[in-house]
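See structure below.
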Amino acid sequence: MPRILPAATIRTQLVLPLRFADGYATTARVFTFDGLADGLEHLAFGLGDRAGPFTPEVRRAMPPLVRPHSECLTGDVFGSQRCDCGPQMREAVERIADVGGFLLYLRQEGRGIGLYAKLDAYALQDGGLDTYQANVALGYTEDDRDYTAAAQMLQALGLARVALLSNNPDKAVQLGRLGVIVTERVRTGVHLSATNGRYLATKARHGAHTLDVPLSGPGARRLTGDDRAAERA
Ligand SMILES: [Zn+2]
């Protein structure tokens, strides 16, 4: 049974023109909320036909494409090459704007452990731990993210059904438990750089993300999230 969510309400909405570093520009309708369970200032960005007023036609349209994006200051703002968050967000904004939907910007820095702890974990990774081992060594669970606020935001926006833009199966499972009907899972691209390959391979192997990450070295092949299920089987 899905959990009964405490109701959140739309607090403000406003139009925000966006322009990214590569010149891509679009317009978003940004929503803020009252009553979010964790009290944090999460945002929803309506894009494409969801950037305009919610007419009956828009409400009747296909389930919107929704990407829950976890805040990453270093990746989103400063272009850190240790992760793929910046390019993931940039891709998501354009893909959502093309078909209509929402980017949920969730203030869950460092998989929910916070910015300083994330940087502590980076320091441990430089000593040889992977991203999940480092979080555990710091006393956190492997992934502290909770999507209750995301589900509340969707509910406040009147969205019971969504197409989910994500490679992370945990997001779909958690949102399902929270009463959101995920009609479809849409995969994002892989944004490989010289310095994030190990991070992406760990996500694919450990987090069961559906990523195709080319591995280097003898017997190199492409690693997918399905490999993890295969290892367990
Ligand atoms: Zn990141």
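Letters for chains follow the order of the structure tokens (A, B, ...), residue numbers begin at 1 for each chain, and ligand numbers begin at 1 in the order shown.
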
### Task
Check every protein, DNA and RNA residue against ligand 1, keep those with an atom at most 7 Å away (counting only C-alpha atoms and all ligand atoms), and present them as number ranges by chain.
A: 72, 74-76, 83-86

Selection export as an mmCIF file, in the first residue's frame, atoms kept: all heavy atoms:
data_model
loop_
_atom_site.group_PDB
_atom_site.id
_atom_site.type_symbol
_atom_site.label_atom_id
_atom_site.label_comp_id
_atom_site.auth_asym_id
_atom_site.auth_seq_id
_atom_site.Cartn_x
_atom_site.Cartn_y
_atom_site.Cartn_z
ATOM 1 N N CYS A 72 23.908 19.011 -6.703
ATOM 2 C CA CYS A 72 25.335 18.738 -6.632
ATOM 3 C C CYS A 72 26.033 20.053 -6.912
ATOM 4 O O CYS A 72 26.207 20.425 -8.073
ATOM 5 C CB CYS A 72 25.718 17.676 -7.668
ATOM 6 S SG CYS A 72 27.498 17.404 -7.774
ATOM 7 N N THR A 74 29.100 21.084 -6.664
ATOM 8 C CA THR A 74 30.356 21.014 -7.407
ATOM 9 C C THR A 74 30.124 20.668 -8.883
ATOM 10 O O THR A 74 30.787 21.217 -9.761
ATOM 11 C CB THR A 74 31.296 19.977 -6.770
ATOM 12 O OG1 THR A 74 30.548 18.783 -6.501
ATOM 13 C CG2 THR A 74 31.884 20.495 -5.472
ATOM 14 N N GLY A 75 29.173 19.777 -9.137
ATOM 15 C CA GLY A 75 28.923 19.362 -10.519
ATOM 16 C C GLY A 75 27.996 20.311 -11.258
ATOM 17 O O GLY A 75 28.250 20.682 -12.410
ATOM 18 N N ASP A 76 26.891 20.720 -10.608
ATOM 19 C CA ASP A 76 25.885 21.544 -11.287
ATOM 20 C C ASP A 76 26.401 22.957 -11.549
ATOM 21 O O ASP A 76 26.106 23.559 -12.582
ATOM 22 C CB ASP A 76 24.618 21.675 -10.419
ATOM 23 C CG ASP A 76 23.919 20.351 -10.176
ATOM 24 O OD1 ASP A 76 24.205 19.385 -10.902
ATOM 25 O OD2 ASP A 76 23.081 20.293 -9.247
ATOM 26 N N CYS A 83 32.018 13.825 -11.216
ATOM 27 C CA CYS A 83 30.718 13.175 -11.363
ATOM 28 C C CYS A 83 30.122 13.630 -12.690
ATOM 29 O O CYS A 83 30.746 14.360 -13.443
ATOM 30 C CB CYS A 83 29.815 13.521 -10.179
ATOM 31 S SG CYS A 83 29.483 15.287 -10.061
ATOM 32 N N ASP A 84 28.900 13.194 -12.948
ATOM 33 C CA ASP A 84 28.266 13.533 -14.216
ATOM 34 C C ASP A 84 27.016 14.385 -14.003
ATOM 35 O O ASP A 84 26.171 14.483 -14.888
ATOM 36 C CB ASP A 84 27.911 12.248 -14.985
ATOM 37 C CG ASP A 84 26.969 11.336 -14.205
ATOM 38 O OD1 ASP A 84 26.856 11.492 -12.972
ATOM 39 O OD2 ASP A 84 26.343 10.458 -14.830
ATOM 40 N N CYS A 85 26.900 15.019 -12.832
ATOM 41 C CA CYS A 85 25.652 15.708 -12.485
ATOM 42 C C CYS A 85 25.344 16.900 -13.401
ATOM 43 O O CYS A 85 24.194 17.085 -13.812
ATOM 44 C CB CYS A 85 25.694 16.176 -11.035
ATOM 45 S SG CYS A 85 25.983 14.822 -9.884
ATOM 46 N N GLY A 86 26.363 17.710 -13.694
ATOM 47 C CA GLY A 86 26.133 18.889 -14.529
ATOM 48 C C GLY A 86 25.594 18.511 -15.902
ATOM 49 O O GLY A 86 24.522 18.988 -16.310
#

### Task
Give me every strand (DSSP E) residue in range 32-232 of chain A, going by DSSP on the backbone, as a ChimeraX atom specification.
/A:32-34,43-47,65-70,101-106,161-165,181-186,213-214,222-223

Quick one: everything within 9 Å of range 174-189 of chain A, counting only C-alpha atoms, minus sequence neighbours fewer than 5 positions away in the same chain. Send it as a PDB file with C-alpha atoms, in the first residue's frame.
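Listed below is the output, out.pdb:
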ATOM      1  CA  MET A   1       0.000   0.000   0.000  1.00  0.00           C
ATOM      2  CA  PRO A   2       1.380   3.430  -0.874  1.00  0.00           C
ATOM      3  CA  ARG A   3       2.006   5.653   2.099  1.00  0.00           C
ATOM      4  CA  ILE A   4      -0.427   8.500   2.738  1.00  0.00           C
ATOM      5  CA  LEU A   5       1.557  11.632   2.028  1.00  0.00           C
ATOM      6  CA  PRO A  63       2.128  11.871 -18.428  1.00  0.00           C
ATOM      7  CA  LEU A  65       8.530  13.528 -18.289  1.00  0.00           C
ATOM      8  CA  GLN A  88      22.944  15.035 -16.603  1.00  0.00           C
ATOM      9  CA  GLU A  91      20.541  16.943 -20.822  1.00  0.00           C
ATOM     10  CA  ALA A  92      17.451  16.534 -18.664  1.00  0.00           C
ATOM     11  CA  ASP A 146      14.473   9.987   0.411  1.00  0.00           C
ATOM     12  CA  TYR A 147      11.928  10.952  -2.233  1.00  0.00           C
ATOM     13  CA  THR A 148       8.999  11.873   0.018  1.00  0.00           C
ATOM     14  CA  ALA A 150       9.544  14.733  -4.533  1.00  0.00           C
ATOM     15  CA  ALA A 151       6.285  12.772  -4.310  1.00  0.00           C
ATOM     16  CA  GLN A 152       4.675  15.627  -2.368  1.00  0.00           C
ATOM     17  CA  LEU A 154       4.245  15.917  -7.803  1.00  0.00           C
ATOM     18  CA  GLN A 155       1.028  15.643  -5.814  1.00  0.00           C
ATOM     19  CA  LEU A 159       0.592  14.737 -11.227  1.00  0.00           C
ATOM     20  CA  ALA A 160      -0.388  11.200 -10.250  1.00  0.00           C
ATOM     21  CA  ARG A 161       1.290   9.633 -13.297  1.00  0.00           C
ATOM     22  CA  VAL A 162       4.738  10.442 -14.640  1.00  0.00           C
ATOM     23  CA  ALA A 163       7.292   9.162 -17.114  1.00  0.00           C
ATOM     24  CA  LEU A 164      10.498   9.007 -15.085  1.00  0.00           C
ATOM     25  CA  LEU A 165      13.752  10.214 -16.651  1.00  0.00           C
ATOM     26  CA  SER A 166      16.310   8.277 -14.594  1.00  0.00           C
ATOM     27  CA  ASN A 167      18.764   5.400 -14.701  1.00  0.00           C
ATOM     28  CA  ASN A 168      18.303   4.771 -10.973  1.00  0.00           C
ATOM     29  CA  PRO A 169      15.786   1.987 -10.260  1.00  0.00           C
ATOM     30  CA  THR A 210      21.209   1.244 -16.074  1.00  0.00           C
ATOM     31  CA  LEU A 211      24.348   2.802 -17.524  1.00  0.00           C
ATOM     32  CA  ASP A 212      26.500   1.567 -20.341  1.00  0.00           C
TER      33      ASP A 212
END

### Task
Pick out the closest residue to Asp143 in chain A from this set: A:Thr12, A:Thr131, A:Thr27, A:Ser80. Count only C-alpha atoms.
A:Thr131

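When only C-alpha atoms are used to compute distances to His42 in chain A, the closest of the residues A:Arg29, A:Arg59, A:Pro68, A:Leu106 turns out to be A:Leu106.
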
### Task
Quick one: pick out all helix (DSSP H, G or I) residues within range 15-118 of chain A from a backbone DSSP run and write them as a PyMOL selection string.
chain A and resi 48-51+56-60+73-77+85-99+115-118

File dump, residues just selected, N, CA and C atoms, as an mmCIF file, in the first residue's frame:
data_model
loop_
_atom_site.group_PDB
_atom_site.id
_atom_site.type_symbol
_atom_site.label_atom_id
_atom_site.label_comp_id
_atom_site.auth_asym_id
_atom_site.auth_seq_id
_atom_site.Cartn_x
_atom_site.Cartn_y
_atom_site.Cartn_z
ATOM 1 N N GLY A 48 8.953 23.140 -21.259
ATOM 2 C CA GLY A 48 8.156 22.845 -22.438
ATOM 3 C C GLY A 48 6.735 23.335 -22.218
ATOM 4 N N ASP A 49 5.741 22.474 -22.524
ATOM 5 C CA ASP A 49 4.356 22.945 -22.359
ATOM 6 C C ASP A 49 3.988 23.121 -20.888
ATOM 7 N N ARG A 50 4.829 22.619 -19.988
ATOM 8 C CA ARG A 50 4.562 22.800 -18.558
ATOM 9 C C ARG A 50 5.180 24.100 -18.025
ATOM 10 N N ALA A 51 5.791 24.873 -18.917
ATOM 11 C CA ALA A 51 6.302 26.179 -18.500
ATOM 12 C C ALA A 51 5.198 27.225 -18.565
ATOM 13 N N PRO A 56 -6.580 23.022 -19.361
ATOM 14 C CA PRO A 56 -7.133 21.661 -19.374
ATOM 15 C C PRO A 56 -6.438 20.762 -20.392
ATOM 16 N N GLU A 57 -6.023 21.346 -21.539
ATOM 17 C CA GLU A 57 -5.339 20.537 -22.561
ATOM 18 C C GLU A 57 -4.007 20.013 -22.025
ATOM 19 N N VAL A 58 -3.284 20.879 -21.350
ATOM 20 C CA VAL A 58 -1.992 20.457 -20.794
ATOM 21 C C VAL A 58 -2.212 19.380 -19.737
ATOM 22 N N ARG A 59 -3.213 19.556 -18.912
ATOM 23 C CA ARG A 59 -3.480 18.572 -17.859
ATOM 24 C C ARG A 59 -3.859 17.208 -18.450
ATOM 25 N N ARG A 60 -4.524 17.231 -19.614
ATOM 26 C CA ARG A 60 -4.960 15.964 -20.217
ATOM 27 C C ARG A 60 -3.859 15.307 -21.038
ATOM 28 N N LEU A 73 26.397 20.760 -5.872
ATOM 29 C CA LEU A 73 26.982 22.095 -6.056
ATOM 30 C C LEU A 73 28.222 22.035 -6.947
ATOM 31 N N THR A 74 29.100 21.084 -6.664
ATOM 32 C CA THR A 74 30.356 21.014 -7.407
ATOM 33 C C THR A 74 30.124 20.668 -8.883
ATOM 34 N N GLY A 75 29.173 19.777 -9.137
ATOM 35 C CA GLY A 75 28.923 19.362 -10.519
ATOM 36 C C GLY A 75 27.996 20.311 -11.258
ATOM 37 N N ASP A 76 26.891 20.720 -10.608
ATOM 38 C CA ASP A 76 25.885 21.544 -11.287
ATOM 39 C C ASP A 76 26.401 22.957 -11.549
ATOM 40 N N VAL A 77 27.126 23.509 -10.576
ATOM 41 C CA VAL A 77 27.511 24.924 -10.662
ATOM 42 C C VAL A 77 28.930 25.104 -11.161
ATOM 43 N N CYS A 85 26.900 15.019 -12.832
ATOM 44 C CA CYS A 85 25.652 15.708 -12.485
ATOM 45 C C CYS A 85 25.344 16.900 -13.401
ATOM 46 N N GLY A 86 26.363 17.710 -13.694
ATOM 47 C CA GLY A 86 26.133 18.889 -14.529
ATOM 48 C C GLY A 86 25.594 18.511 -15.902
ATOM 49 N N PRO A 87 26.308 17.639 -16.643
ATOM 50 C CA PRO A 87 25.793 17.226 -17.954
ATOM 51 C C PRO A 87 24.452 16.492 -17.863
ATOM 52 N N GLN A 88 24.239 15.717 -16.772
ATOM 53 C CA GLN A 88 22.944 15.035 -16.603
ATOM 54 C C GLN A 88 21.817 16.059 -16.501
ATOM 55 N N MET A 89 22.038 17.108 -15.718
ATOM 56 C CA MET A 89 21.006 18.118 -15.525
ATOM 57 C C MET A 89 20.745 18.877 -16.824
ATOM 58 N N ARG A 90 21.837 19.228 -17.513
ATOM 59 C CA ARG A 90 21.704 19.963 -18.772
ATOM 60 C C ARG A 90 20.926 19.136 -19.803
ATOM 61 N N GLU A 91 21.250 17.838 -19.904
ATOM 62 C CA GLU A 91 20.541 16.943 -20.822
ATOM 63 C C GLU A 91 19.064 16.856 -20.435
ATOM 64 N N ALA A 92 18.827 16.715 -19.128
ATOM 65 C CA ALA A 92 17.451 16.534 -18.664
ATOM 66 C C ALA A 92 16.602 17.751 -18.994
ATOM 67 N N VAL A 93 17.154 18.943 -18.791
ATOM 68 C CA VAL A 93 16.373 20.162 -19.051
ATOM 69 C C VAL A 93 15.935 20.197 -20.517
ATOM 70 N N GLU A 94 16.840 19.899 -21.421
ATOM 71 C CA GLU A 94 16.493 19.968 -22.843
ATOM 72 C C GLU A 94 15.494 18.870 -23.224
ATOM 73 N N ARG A 95 15.736 17.654 -22.723
ATOM 74 C CA ARG A 95 14.827 16.559 -23.094
ATOM 75 C C ARG A 95 13.431 16.807 -22.536
ATOM 76 N N ILE A 96 13.351 17.343 -21.316
ATOM 77 C CA ILE A 96 12.041 17.622 -20.730
ATOM 78 C C ILE A 96 11.369 18.773 -21.467
ATOM 79 N N ALA A 97 12.159 19.813 -21.807
ATOM 80 C CA ALA A 97 11.579 20.954 -22.529
ATOM 81 C C ALA A 97 11.018 20.506 -23.884
ATOM 82 N N ASP A 98 11.649 19.505 -24.510
ATOM 83 C CA ASP A 98 11.202 19.025 -25.823
ATOM 84 C C ASP A 98 9.810 18.387 -25.755
ATOM 85 N N VAL A 99 9.507 17.699 -24.661
ATOM 86 C CA VAL A 99 8.247 16.941 -24.619
ATOM 87 C C VAL A 99 7.275 17.447 -23.548
ATOM 88 N N LEU A 115 27.137 18.693 1.731
ATOM 89 C CA LEU A 115 28.274 19.102 0.900
ATOM 90 C C LEU A 115 29.620 18.785 1.556
ATOM 91 N N TYR A 116 29.798 19.154 2.813
ATOM 92 C CA TYR A 116 31.088 18.904 3.460
ATOM 93 C C TYR A 116 31.370 17.401 3.526
ATOM 94 N N ALA A 117 30.341 16.626 3.895
ATOM 95 C CA ALA A 117 30.544 15.176 3.996
ATOM 96 C C ALA A 117 30.857 14.583 2.627
ATOM 97 N N LYS A 118 30.220 15.146 1.574
ATOM 98 C CA LYS A 118 30.527 14.647 0.227
ATOM 99 C C LYS A 118 32.001 14.886 -0.093
#

#### Entry: CA of Leu119 in chain A to CA of Gly39 in chain A, straight-line distance in Å
23.6 Å

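The nearest approach to Asn196 in chain A among the residues A:Tyr140, A:Ala28, A:Arg19, A:Tyr122, with only C-alpha atoms taken into account, belongs to A:Tyr122.
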
### Query
Hey, can you check how far CA of Ala21 in chain A sits from CA of Phe78 in chain A?
10.8 Å

#### Entry: Atom-to-atom span, CA of Glu142 in chain A and CA of Phe45 in chain A, Å
27.9 Å
